[in-house]
Amino acid sequence: MLSIVNLCKKYNSKYALRNLNIHIGRGEIGILVGENGAGKTTTINSIAGLLKYEGSIEINGISNTSVSAKRILGIVPEVANPYDNLTVYEHMEYIAKAYKISDWQNDAEDLLKRFNMLDESNKLGKELSKGMRQKLNICMTLLHNPKVIIFDEPIIGLDPMAITEMKKIIVERKNTGCAILICTHILDTVAGFWDKAYILSKGQLIKEVIKSQLSETTSLEEVYVSALNMKQGD
């Protein structure tokens, strides 16, 4: 459902990404990992349609820049920036109107309740803590039931209960057939449910890992460190 083919992005004469290929199918969870400056943010911004690039990005077989693709795409950015003067509930209403969702109120309340935000419905964006902003961010992204979901460092600022709930939701969405890509440095948070991992270094994919092909005792962290060490040894 998410297909990235030969993605290249240059800033001036320097490549931030070179010939990146990623394929996340229906009901799969992919992990995007790499050191700072590896190209993870550039990849996400390209998927979001915020950058010009060379190559192809498709959402369910449709160009990511099309309105149809954007309707089934959800992105949880690393930094949550709610509107200062909208309440929590008004943020959910804004998303419902933007995506023309009918009968959205129960779904909105359910999401807010799962993240202990329902009692904060009347708080303004400027009154929210960092963790509350991130929880609202997740709720807003999920309200329109996207079929492809991108999480960029999703646990930053979250309390342990919210992290647990977010993991449950990710698995639930996977089980309904969503394609999910998670960008994170904290690999143990995804240890139990990833299917594919894409390891970037200096704008290039240096290793694609299929979890089912690893031994049960091999961790993603071990594979990641090994891949980077091999790259540095070239």
# chains A, B, ... in the order shown; residues from 1 in each chain; ligands from 1
$ closest_atom_pairs --of "region 129-231 of chain A" --to "region 68-75 of chain A" --cutoff "12 Å" --atoms "only C-alpha atoms" --output "Markdown table"
| residue | atom | partner | partner_atom | distance |
| --- | --- | --- | --- | --- |
| A:Asn137 | CA | A:Ile75 | CA | 9.3 |
| A:Ile138 | CA | A:Ile75 | CA | 8.6 |
| A:Cys139 | CA | A:Gly74 | CA | 10.7 |
| A:Met140 | CA | A:Gly74 | CA | 9.1 |
| A:Thr141 | CA | A:Gly74 | CA | 5.4 |
| A:Leu142 | CA | A:Gly74 | CA | 6.9 |
| A:Leu143 | CA | A:Gly74 | CA | 9.2 |
| A:His144 | CA | A:Ile72 | CA | 8.0 |
| A:Asn145 | CA | A:Ile72 | CA | 7.5 |
| A:Pro146 | CA | A:Ile72 | CA | 4.5 |
| A:Lys147 | CA | A:Ile72 | CA | 5.2 |
| A:Val148 | CA | A:Leu73 | CA | 4.9 |
| A:Ile149 | CA | A:Gly74 | CA | 4.7 |
| A:Ile150 | CA | A:Ile75 | CA | 4.6 |
| A:Phe151 | CA | A:Ile75 | CA | 6.0 |
| A:Asp152 | CA | A:Ile75 | CA | 7.7 |
| A:Glu153 | CA | A:Ile75 | CA | 11.1 |
| A:Pro154 | CA | A:Ile75 | CA | 10.2 |
| A:Arg173 | CA | A:Gly74 | CA | 11.9 |
| A:Cys178 | CA | A:Ile72 | CA | 9.9 |
| A:Ala179 | CA | A:Leu73 | CA | 9.7 |
| A:Ile180 | CA | A:Gly74 | CA | 9.5 |
| A:Leu181 | CA | A:Ile75 | CA | 9.5 |
| A:Ile182 | CA | A:Ile75 | CA | 10.0 |
| A:Cys183 | CA | A:Ile75 | CA | 11.0 |
$ select_by_dssp --residues "region 17-93 of chain A" --states "strand (DSSP E or B)" --output "mmCIF file with N, CA and C atoms, in the first residue's frame"
data_model
loop_
_atom_site.group_PDB
_atom_site.id
_atom_site.type_symbol
_atom_site.label_atom_id
_atom_site.label_comp_id
_atom_site.auth_asym_id
_atom_site.auth_seq_id
_atom_site.Cartn_x
_atom_site.Cartn_y
_atom_site.Cartn_z
ATOM 1 N N LEU A 17 18.834 11.782 -0.132
ATOM 2 C CA LEU A 17 18.360 10.423 -0.379
ATOM 3 C C LEU A 17 18.801 10.009 -1.775
ATOM 4 N N ARG A 18 19.214 8.758 -1.893
ATOM 5 C CA ARG A 18 19.631 8.269 -3.208
ATOM 6 C C ARG A 18 19.051 6.868 -3.438
ATOM 7 N N ASN A 19 18.148 6.777 -4.435
ATOM 8 C CA ASN A 19 17.602 5.494 -4.882
ATOM 9 C C ASN A 19 17.019 4.655 -3.733
ATOM 10 N N LEU A 20 16.154 5.266 -2.950
ATOM 11 C CA LEU A 20 15.524 4.576 -1.830
ATOM 12 C C LEU A 20 14.295 3.802 -2.306
ATOM 13 N N ASN A 21 14.208 2.549 -1.898
ATOM 14 C CA ASN A 21 13.071 1.707 -2.236
ATOM 15 C C ASN A 21 12.473 1.111 -0.953
ATOM 16 N N ILE A 22 11.190 1.370 -0.741
ATOM 17 C CA ILE A 22 10.476 0.850 0.425
ATOM 18 C C ILE A 22 9.108 0.351 -0.035
ATOM 19 N N HIS A 23 8.716 -0.814 0.449
ATOM 20 C CA HIS A 23 7.404 -1.371 0.103
ATOM 21 C C HIS A 23 6.762 -1.939 1.370
ATOM 22 N N ILE A 24 5.679 -1.314 1.798
ATOM 23 C CA ILE A 24 4.920 -1.783 2.960
ATOM 24 C C ILE A 24 3.553 -2.212 2.469
ATOM 25 N N ILE A 29 3.890 -3.793 9.128
ATOM 26 C CA ILE A 29 4.508 -2.694 9.858
ATOM 27 C C ILE A 29 5.979 -2.639 9.473
ATOM 28 N N GLY A 30 6.382 -1.508 8.917
ATOM 29 C CA GLY A 30 7.775 -1.284 8.555
ATOM 30 C C GLY A 30 8.414 -0.301 9.529
ATOM 31 N N ILE A 31 9.690 -0.487 9.781
ATOM 32 C CA ILE A 31 10.448 0.391 10.669
ATOM 33 C C ILE A 31 11.527 1.083 9.845
ATOM 34 N N LEU A 32 11.615 2.401 9.993
ATOM 35 C CA LEU A 32 12.643 3.192 9.310
ATOM 36 C C LEU A 32 13.627 3.673 10.358
ATOM 37 N N VAL A 33 14.875 3.222 10.257
ATOM 38 C CA VAL A 33 15.873 3.561 11.273
ATOM 39 C C VAL A 33 17.145 4.065 10.609
ATOM 40 N N GLY A 34 17.925 4.807 11.379
ATOM 41 C CA GLY A 34 19.187 5.349 10.881
ATOM 42 C C GLY A 34 19.682 6.436 11.810
ATOM 43 N N GLU A 54 12.802 13.182 -6.945
ATOM 44 C CA GLU A 54 12.831 12.304 -8.119
ATOM 45 C C GLU A 54 12.444 10.904 -7.664
ATOM 46 N N GLY A 55 11.811 10.159 -8.554
ATOM 47 C CA GLY A 55 11.361 8.825 -8.206
ATOM 48 C C GLY A 55 9.851 8.777 -8.084
ATOM 49 N N SER A 56 9.355 7.739 -7.427
ATOM 50 C CA SER A 56 7.911 7.519 -7.336
ATOM 51 C C SER A 56 7.514 7.157 -5.911
ATOM 52 N N ILE A 57 6.428 7.784 -5.447
ATOM 53 C CA ILE A 57 5.813 7.406 -4.169
ATOM 54 C C ILE A 57 4.328 7.206 -4.427
ATOM 55 N N GLU A 58 3.840 6.012 -4.102
ATOM 56 C CA GLU A 58 2.422 5.720 -4.302
ATOM 57 C C GLU A 58 1.777 5.236 -3.012
ATOM 58 N N ILE A 59 0.551 5.685 -2.804
ATOM 59 C CA ILE A 59 -0.277 5.247 -1.692
ATOM 60 C C ILE A 59 -1.417 4.433 -2.271
ATOM 61 N N ILE A 62 -1.726 4.938 -5.947
ATOM 62 C CA ILE A 62 -2.027 6.288 -6.419
ATOM 63 C C ILE A 62 -0.886 7.213 -6.015
ATOM 64 N N SER A 63 -0.544 8.170 -6.861
ATOM 65 C CA SER A 63 0.501 9.129 -6.527
ATOM 66 C C SER A 63 0.217 9.806 -5.196
ATOM 67 N N LEU A 73 -4.122 8.658 3.770
ATOM 68 C CA LEU A 73 -2.818 8.743 4.423
ATOM 69 C C LEU A 73 -2.944 9.503 5.736
ATOM 70 N N GLY A 74 -2.283 9.001 6.770
ATOM 71 C CA GLY A 74 -2.206 9.710 8.041
ATOM 72 C C GLY A 74 -0.768 9.778 8.507
ATOM 73 N N ILE A 75 -0.334 10.956 8.947
ATOM 74 C CA ILE A 75 1.048 11.127 9.398
ATOM 75 C C ILE A 75 1.042 11.759 10.785
ATOM 76 N N VAL A 76 1.695 11.087 11.728
ATOM 77 C CA VAL A 76 1.899 11.632 13.070
ATOM 78 C C VAL A 76 3.311 12.202 13.110
ATOM 79 N N THR A 87 -9.833 24.327 21.180
ATOM 80 C CA THR A 87 -9.849 23.321 22.232
ATOM 81 C C THR A 87 -9.482 21.958 21.646
#
$ closest_residue --among "A:Gln105, A:Thr176, A:Ser13, A:Ser201" --to "Asn36 (chain A)" --atoms "only C-alpha atoms"
A:Ser201
$ residues_around --residues "Ser129 (chain A)" --least-positions-apart "4" --cutoff "12 Å" --atoms "only C-alpha atoms" --output "list in words"
Ala80, Asn81, Pro82, Met117, Glu120, Lys123, Leu124, Gly125, Arg133, Gln134, Lys135, Leu136, Gly157, Leu158 and Asp159 of chain A
$ closest_residue --among "A:Ile95, A:Ile169, A:Ile155, A:Ala227" --to "Asp110 (chain A)" --atoms "only C-alpha atoms"
A:Ile169
$ closest_residue --among "A:Ser215, A:Thr65, A:Thr184, A:Gln232" --to "Asn45 (chain A)" --atoms "only C-alpha atoms"
A:Thr65
$ atom_distance --atom1 "CA of Val190 (chain A)" --atom2 "CA of Asn60 (chain A)"
24.0 Å
